[in-house]
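Shown next: model17.cif, containing mmCIF, C-alpha atoms.
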```cif
data_my_file
#
loop_
_atom_site.label_atom_id
_atom_site.label_comp_id
_atom_site.auth_asym_id
_atom_site.auth_seq_id
_atom_site.Cartn_x
_atom_site.Cartn_y
_atom_site.Cartn_z
CA GLU A 1 8.24 -5.30 -16.80
CA ASP A 2 5.38 -5.83 -14.38
CA GLN A 3 6.52 -7.72 -11.34
CA VAL A 4 3.05 -8.28 -9.87
CA THR A 5 -0.08 -8.95 -11.89
CA GLN A 6 -3.49 -9.34 -10.32
CA SER A 7 -6.54 -10.89 -11.96
CA PRO A 8 -9.31 -10.37 -12.55
CA GLU A 9 -9.39 -6.55 -12.45
CA ALA A 10 -12.98 -6.68 -11.20
CA LEU A 11 -15.19 -9.45 -9.87
CA ARG A 12 -18.89 -9.45 -9.07
CA LEU A 13 -20.21 -12.28 -6.92
CA GLN A 14 -23.55 -13.15 -5.50
CA GLU A 15 -23.59 -13.42 -1.73
CA GLY A 16 -22.45 -16.93 -0.85
CA GLU A 17 -20.75 -17.55 -4.21
CA SER A 18 -17.15 -18.58 -3.48
CA SER A 19 -14.29 -17.58 -5.78
CA SER A 20 -10.56 -16.88 -5.94
CA LEU A 21 -8.41 -13.87 -6.74
CA ASN A 22 -5.01 -14.34 -8.35
CA CYS A 23 -1.69 -12.59 -7.81
CA SER A 24 1.17 -13.71 -10.02
CA TYR A 25 4.70 -12.42 -9.56
CA THR A 26 8.00 -12.54 -11.40
CA VAL A 27 10.44 -11.41 -8.72
CA SER A 28 13.17 -13.79 -7.61
CA GLY A 29 14.26 -14.27 -4.06
CA LEU A 30 10.83 -13.48 -2.65
CA ARG A 31 11.08 -12.21 0.91
CA GLY A 32 7.34 -12.05 1.40
CA LEU A 33 3.98 -11.71 -0.34
CA PHE A 34 1.38 -9.56 1.33
CA TRP A 35 -2.38 -9.26 0.90
CA TYR A 36 -4.22 -6.07 1.79
CA ARG A 37 -7.83 -4.97 1.63
CA GLN A 38 -8.63 -1.38 0.66
CA ASP A 39 -12.00 0.32 1.08
CA PRO A 40 -12.80 3.49 -0.90
CA GLY A 41 -11.11 6.55 0.56
CA LYS A 42 -9.13 4.48 3.06
CA GLY A 43 -5.60 3.16 3.29
CA PRO A 44 -4.82 -0.52 2.70
CA GLU A 45 -5.59 -2.79 5.63
CA PHE A 46 -3.19 -5.67 6.22
CA LEU A 47 -4.61 -9.18 5.84
CA PHE A 48 -1.86 -11.80 5.40
CA THR A 49 1.85 -12.37 4.91
CA LEU A 50 3.11 -15.47 3.09
CA TYR A 51 6.80 -16.31 3.00
CA SER A 52 7.30 -19.66 1.24
CA ALA A 53 5.64 -21.90 -1.32
CA GLY A 54 3.03 -24.16 0.22
CA GLU A 55 2.20 -21.76 3.01
CA GLU A 56 -1.45 -21.00 3.77
CA LYS A 57 -3.10 -18.43 6.03
CA GLU A 58 -6.79 -18.10 6.98
CA LYS A 59 -8.94 -15.40 8.46
CA GLU A 60 -12.71 -15.71 8.63
CA ARG A 61 -13.92 -16.23 5.03
CA LEU A 62 -10.50 -15.56 3.49
CA LYS A 63 -7.71 -18.02 2.80
CA ALA A 64 -4.42 -17.10 1.14
CA THR A 65 -2.09 -19.61 -0.50
CA LEU A 66 1.33 -19.28 -2.12
CA THR A 67 3.19 -21.15 -4.86
CA LYS A 68 6.52 -20.32 -6.45
CA LYS A 69 4.87 -18.09 -9.05
CA GLU A 70 1.54 -16.98 -7.69
CA SER A 71 -0.75 -16.51 -4.74
CA PHE A 72 -4.46 -17.01 -4.47
CA LEU A 73 -6.91 -15.34 -2.15
CA HIS A 74 -9.87 -17.66 -1.76
CA ILE A 75 -13.13 -16.14 -0.57
CA THR A 76 -15.62 -18.63 0.81
CA ALA A 77 -19.31 -17.72 0.99
CA PRO A 78 -18.66 -13.97 0.67
CA LYS A 79 -20.88 -11.35 2.23
CA PRO A 80 -21.58 -7.81 0.98
CA GLU A 81 -19.19 -6.44 3.60
CA ASP A 82 -16.36 -8.27 1.82
CA SER A 83 -16.74 -5.81 -1.07
CA ALA A 84 -13.44 -3.93 -1.42
CA THR A 85 -10.31 -3.80 -3.53
CA TYR A 86 -7.83 -6.53 -2.68
CA LEU A 87 -4.18 -5.69 -3.25
CA CYS A 88 -1.18 -7.94 -3.20
CA ALA A 89 2.40 -6.80 -2.80
CA VAL A 90 5.77 -8.51 -3.01
CA GLN A 91 9.00 -7.79 -1.25
CA ALA A 92 12.24 -9.04 -2.78
CA PRO A 93 15.86 -7.99 -3.21
CA ASN A 94 15.25 -6.72 -6.77
CA THR A 95 12.41 -4.49 -5.55
CA GLY A 96 14.90 -2.77 -3.29
CA ASN A 97 13.43 -4.70 -0.40
CA GLN A 98 10.37 -2.46 -0.66
CA PHE A 99 6.80 -3.43 -1.40
CA TYR A 100 5.82 -3.61 -5.06
CA PHE A 101 2.02 -3.59 -5.37
CA GLY A 102 -0.25 -4.97 -8.03
CA THR A 103 -3.17 -2.92 -9.34
CA GLY A 104 -5.71 -4.83 -7.28
CA THR A 105 -8.95 -6.73 -7.79
CA SER A 106 -12.14 -4.81 -7.14
CA LEU A 107 -14.61 -7.22 -5.54
CA THR A 108 -18.34 -6.53 -5.35
CA VAL A 109 -20.58 -8.93 -3.46
CA ILE A 110 -24.24 -8.54 -4.32
CA PRO A 111 -26.85 -9.37 -1.65
CA ASP B 1 -2.58 1.03 19.18
CA THR B 2 -3.74 4.29 17.64
CA GLY B 3 -2.65 3.38 14.12
CA VAL B 4 -0.91 5.51 11.52
CA SER B 5 -2.28 9.05 11.42
CA GLN B 6 -2.06 11.39 8.43
CA ASP B 7 -2.89 15.06 8.22
CA PRO B 8 -4.60 16.66 6.42
CA ARG B 9 -6.99 14.11 4.93
CA HIS B 10 -7.70 16.34 1.96
CA LYS B 11 -5.74 19.17 0.40
CA ILE B 12 -6.84 21.33 -2.49
CA THR B 13 -4.31 23.76 -3.88
CA LYS B 14 -3.51 25.74 -6.99
CA ARG B 15 -0.86 24.66 -9.42
CA GLY B 16 2.52 26.04 -8.47
CA GLN B 17 1.87 26.16 -4.73
CA ASN B 18 3.85 24.20 -2.15
CA VAL B 19 2.14 21.65 0.07
CA THR B 20 3.27 19.69 3.12
CA PHE B 21 1.77 16.53 4.56
CA ARG B 22 2.36 15.00 7.96
CA CYS B 23 2.45 11.36 9.06
CA ASP B 24 2.51 10.08 12.62
CA PRO B 25 3.49 6.39 12.63
CA ILE B 26 2.63 3.73 15.18
CA SER B 27 4.81 4.73 18.11
CA GLU B 28 7.11 1.71 18.38
CA HIS B 29 7.65 1.35 14.62
CA ASN B 30 11.14 2.20 13.40
CA ARG B 31 10.39 2.21 9.66
CA LEU B 32 8.25 4.76 7.88
CA TYR B 33 7.25 4.71 4.20
CA TRP B 34 5.62 7.11 1.78
CA TYR B 35 3.59 5.91 -1.22
CA ARG B 36 1.55 7.57 -3.92
CA GLN B 37 -1.63 6.04 -5.25
CA THR B 38 -3.68 7.13 -8.25
CA LEU B 39 -7.14 5.92 -9.18
CA GLY B 40 -7.23 2.28 -10.22
CA GLN B 41 -3.59 1.68 -9.34
CA GLY B 42 -1.80 0.11 -6.42
CA PRO B 43 0.36 2.23 -4.13
CA GLU B 44 3.73 3.21 -5.63
CA PHE B 45 6.73 3.41 -3.34
CA LEU B 46 8.28 6.88 -2.94
CA THR B 47 10.72 6.70 -0.03
CA TYR B 48 11.38 5.14 3.34
CA PHE B 49 13.09 5.94 6.61
CA GLN B 50 14.63 3.73 9.22
CA ASN B 51 14.50 5.82 12.36
CA GLU B 52 15.61 9.29 11.16
CA ALA B 53 17.71 8.08 8.20
CA GLN B 54 16.21 8.23 4.71
CA LEU B 55 17.50 4.97 3.24
CA GLU B 56 15.88 4.74 -0.14
CA LYS B 57 14.15 6.98 -2.67
CA SER B 58 12.25 5.98 -5.77
CA ARG B 59 13.06 7.56 -9.11
CA LEU B 60 9.42 8.75 -8.94
CA LEU B 61 10.53 11.18 -6.27
CA SER B 62 11.52 14.19 -8.34
CA ASP B 63 13.56 17.12 -7.01
CA ARG B 64 10.30 18.87 -6.14
CA PHE B 65 9.59 16.26 -3.48
CA SER B 66 11.35 16.14 -0.14
CA ALA B 67 10.71 14.05 2.94
CA GLU B 68 12.01 14.35 6.45
CA ARG B 69 11.72 12.40 9.65
CA PRO B 70 13.32 14.47 12.38
CA LYS B 71 14.16 12.54 15.53
CA GLY B 72 12.79 9.36 14.01
CA SER B 73 9.21 10.12 14.97
CA PHE B 74 6.70 11.86 12.68
CA SER B 75 7.50 12.52 9.04
CA THR B 76 6.66 15.25 6.56
CA LEU B 77 6.42 15.06 2.79
CA GLU B 78 6.69 18.37 0.94
CA ILE B 79 5.89 18.96 -2.71
CA GLN B 80 7.16 22.22 -4.17
CA ARG B 81 5.70 23.95 -7.24
CA THR B 82 2.84 21.47 -7.53
CA GLU B 83 1.79 20.23 -10.96
CA GLN B 84 -1.46 18.68 -12.20
CA GLY B 85 0.20 15.27 -12.27
CA ASP B 86 0.81 15.44 -8.53
CA SER B 87 -2.90 14.90 -7.88
CA ALA B 88 -3.09 11.59 -6.04
CA MET B 89 -3.55 9.95 -2.66
CA TYR B 90 -0.37 10.10 -0.60
CA LEU B 91 -0.14 7.20 1.80
CA CYS B 92 2.12 6.73 4.78
CA ALA B 93 2.90 3.35 6.32
CA SER B 94 5.00 2.20 9.24
CA SER B 95 6.45 -1.08 10.40
CA LEU B 96 8.72 -2.71 12.91
CA ASP B 97 10.89 -4.71 10.55
CA PRO B 98 10.34 -7.54 9.60
CA GLN B 99 6.66 -7.14 10.42
CA PRO B 100 4.28 -6.01 7.65
CA GLN B 101 3.57 -2.38 6.90
CA HIS B 102 0.48 -0.72 8.35
CA PHE B 103 -1.02 2.15 6.42
CA GLY B 104 -2.74 5.38 7.31
CA ASP B 105 -5.81 6.59 5.45
CA GLY B 106 -3.81 8.96 3.30
CA THR B 107 -3.91 12.58 2.21
CA ARG B 108 -5.83 13.20 -0.99
CA LEU B 109 -4.21 16.01 -2.98
CA SER B 110 -6.16 17.85 -5.66
CA ILE B 111 -4.40 20.39 -7.87
CA LEU B 112 -6.63 23.06 -9.43
#
```

Encoded form (structure tokens):
Amino acid sequence: EDQVTQSPEALRLQEGESSSLNCSYTVSGLRGLFWYRQDPGKGPEFLFTLYSAGEEKEKERLKATLTKKESFLHITAPKPEDSATYLCAVQAPNTGNQFYFGTGTSLTVIP
Amino acid sequence: DTGVSQDPRHKITKRGQNVTFRCDPISEHNRLYWYRQTLGQGPEFLTYFQNEAQLEKSRLLSDRFSAERPKGSFSTLEIQRTEQGDSAMYLCASSLDPQPQHFGDGTRLSIL
């Protein structure tokens, strides 16, 4: 059973066209939900940690939110340099306290 | 902060050969993790160390895989008798619990 599901698998946006990426999870006792950005041929780069429902974090054009069942990564007025794969991961007692990653959303921002 | 360093960045080997990868974590981090990532997938947890102790191993880590972290500093991941299915990116991450994990850029393994 998948514990983390990300949607959509791929997203193409025009520069300046805002949108949201979704990460839904089924683990109980969430210790943390993490968002990472991954560029081709590189390791994931940490973006945000969210710990409890209602929490929000912002960084430049990105804003992450968390509910009891899902997290959203909102991208406001994206630029071509925001093109990357965005991964979310959860940490919970039934994941052995390790990170369980989703398969990611591949974002392409067209100039 | 020099980040997590992995060596080599690329490794090409023939099926049946043994390979070893090295990871140097961020110096003050006490936890070190190994993951495997294949194309179009998220990283899959393999194992982790707290200081020099290997505390958890995934069932993905077959008997052909072994990891060490002598003296709680750098770590090595060895794969014996490589198989085609071992082709992947092997990622190392480190953290100072409970802070988030920081990843290196990985070692890409290609099995001929």

Give me the residues of chain B that have any atom at most 6 Å from an atom of chain A; for each, the nearest atom pair and the distance in Å, rounded to one decimal. Use only C-alpha atoms, sort by chain and number, and format it as JSON lines.
```
{"residue": "B:Gln41", "atom": "CA", "partner": "A:Thr103", "partner_atom": "CA", "distance": 4.6}
{"residue": "B:Gly42", "atom": "CA", "partner": "A:Thr103", "partner_atom": "CA", "distance": 4.4}
{"residue": "B:Phe103", "atom": "CA", "partner": "A:Gly43", "partner_atom": "CA", "distance": 5.6}
{"residue": "B:Gly104", "atom": "CA", "partner": "A:Gly43", "partner_atom": "CA", "distance": 5.4}
{"residue": "B:Asp105", "atom": "CA", "partner": "A:Gly43", "partner_atom": "CA", "distance": 4.1}
```

_For a cutoff of 9 Å around the file-coordinate point (7.7, 7.3, -2.4), which residues qualify once you count all atoms listed in the file? I'd like the result as a PyMOL selection string._
chain B and resi 33-36+44-48+56-61+90-91

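CA of Glu55 in chain A to CA of Glu81 in chain A spans 26.3 Å [interatomic distance, one decimal].
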
_Quick check on the file I pasted: which residues fall under the PyMOL selection byres ((chain B and resi 20) around 10)? Write them as number ranges by chain._
B: 7-8, 11, 18-19, 21-22, 65-67, 76-80

*When distances are computed from all atoms listed in the file, which of A:Ser52, A:Ser83, A:Leu107, A:Leu30 shows the smallest separation from Pro8 in chain A?*
A:Leu107

Please produce range 58-92 of chain B, completed to N, CA and C atoms, as a CSV table (one decimal), in the frame of the given file.
```csv
chain,number,residue,atom,x,y,z
B,58,SER,N,12.6,6.4,-4.4
B,58,SER,CA,12.2,6.0,-5.8
B,58,SER,C,12.6,7.0,-6.8
B,59,ARG,N,12.8,6.6,-8.0
B,59,ARG,CA,13.1,7.6,-9.1
B,59,ARG,C,11.8,8.4,-9.4
B,60,LEU,N,10.6,8.0,-8.8
B,60,LEU,CA,9.4,8.8,-8.9
B,60,LEU,C,9.5,10.0,-8.1
B,61,LEU,N,10.4,10.0,-7.2
B,61,LEU,CA,10.5,11.2,-6.3
B,61,LEU,C,11.4,12.2,-6.9
B,62,SER,N,10.8,13.2,-7.6
B,62,SER,CA,11.5,14.2,-8.3
B,62,SER,C,12.1,15.2,-7.3
B,63,ASP,N,12.9,16.1,-7.9
B,63,ASP,CA,13.6,17.1,-7.0
B,63,ASP,C,12.6,18.0,-6.3
B,64,ARG,N,11.3,18.0,-6.8
B,64,ARG,CA,10.3,18.9,-6.1
B,64,ARG,C,9.8,18.2,-4.9
B,65,PHE,N,10.1,17.0,-4.7
B,65,PHE,CA,9.6,16.3,-3.5
B,65,PHE,C,10.7,16.2,-2.5
B,66,SER,N,10.4,16.4,-1.2
B,66,SER,CA,11.4,16.1,-0.1
B,66,SER,C,10.6,15.6,1.1
B,67,ALA,N,11.3,14.7,1.7
B,67,ALA,CA,10.7,14.0,2.9
B,67,ALA,C,11.7,14.1,4.1
B,68,GLU,N,11.2,14.3,5.3
B,68,GLU,CA,12.0,14.4,6.4
B,68,GLU,C,11.4,13.5,7.6
B,69,ARG,N,12.2,13.1,8.5
B,69,ARG,CA,11.7,12.4,9.6
B,69,ARG,C,12.6,12.8,10.8
B,70,PRO,N,12.5,14.0,11.3
B,70,PRO,CA,13.3,14.5,12.4
B,70,PRO,C,13.1,13.6,13.6
B,71,LYS,N,14.2,13.3,14.3
B,71,LYS,CA,14.2,12.5,15.5
B,71,LYS,C,13.5,11.2,15.4
B,72,GLY,N,13.3,10.7,14.2
B,72,GLY,CA,12.8,9.4,14.0
B,72,GLY,C,11.4,9.2,14.5
B,73,SER,N,10.6,10.3,14.5
B,73,SER,CA,9.2,10.1,15.0
B,73,SER,C,8.3,10.4,13.8
B,74,PHE,N,7.6,11.5,13.8
B,74,PHE,CA,6.7,11.9,12.7
B,74,PHE,C,7.5,12.2,11.4
B,75,SER,N,6.8,12.2,10.3
B,75,SER,CA,7.5,12.5,9.0
B,75,SER,C,6.7,13.5,8.3
B,76,THR,N,7.3,14.3,7.5
B,76,THR,CA,6.7,15.2,6.6
B,76,THR,C,7.1,15.0,5.1
B,77,LEU,N,6.2,15.1,4.2
B,77,LEU,CA,6.4,15.1,2.8
B,77,LEU,C,6.0,16.4,2.2
B,78,GLU,N,7.0,17.1,1.6
B,78,GLU,CA,6.7,18.4,0.9
B,78,GLU,C,6.8,18.2,-0.6
B,79,ILE,N,5.9,18.9,-1.3
B,79,ILE,CA,5.9,19.0,-2.7
B,79,ILE,C,6.0,20.4,-3.0
B,80,GLN,N,7.0,20.8,-3.8
B,80,GLN,CA,7.2,22.2,-4.2
B,80,GLN,C,6.7,22.4,-5.6
B,81,ARG,N,6.1,23.6,-5.9
B,81,ARG,CA,5.7,24.0,-7.2
B,81,ARG,C,4.8,22.8,-7.8
B,82,THR,N,3.7,22.6,-7.1
B,82,THR,CA,2.8,21.5,-7.5
B,82,THR,C,2.4,21.6,-9.0
B,83,GLU,N,2.2,20.4,-9.6
B,83,GLU,CA,1.8,20.2,-11.0
B,83,GLU,C,0.5,19.4,-11.0
B,84,GLN,N,-0.2,19.5,-12.1
B,84,GLN,CA,-1.5,18.7,-12.2
B,84,GLN,C,-1.2,17.2,-11.9
B,85,GLY,N,-0.1,16.7,-12.4
B,85,GLY,CA,0.2,15.3,-12.3
B,85,GLY,C,0.5,14.8,-10.8
B,86,ASP,N,0.6,15.8,-9.9
B,86,ASP,CA,0.8,15.4,-8.5
B,86,ASP,C,-0.5,15.0,-7.8
B,87,SER,N,-1.6,15.3,-8.5
B,87,SER,CA,-2.9,14.9,-7.9
B,87,SER,C,-2.9,13.4,-7.6
B,88,ALA,N,-3.1,13.0,-6.4
B,88,ALA,CA,-3.1,11.6,-6.0
B,88,ALA,C,-3.4,11.5,-4.6
B,89,MET,N,-3.5,10.2,-4.1
B,89,MET,CA,-3.6,10.0,-2.7
B,89,MET,C,-2.1,9.7,-2.2
B,90,TYR,N,-1.7,10.3,-1.2
B,90,TYR,CA,-0.4,10.1,-0.6
B,90,TYR,C,-0.5,9.3,0.7
B,91,LEU,N,0.0,8.1,0.7
B,91,LEU,CA,-0.1,7.2,1.8
B,91,LEU,C,1.1,7.1,2.6
B,92,CYS,N,1.0,7.0,3.9
B,92,CYS,CA,2.1,6.7,4.8
B,92,CYS,C,1.9,5.4,5.4
```
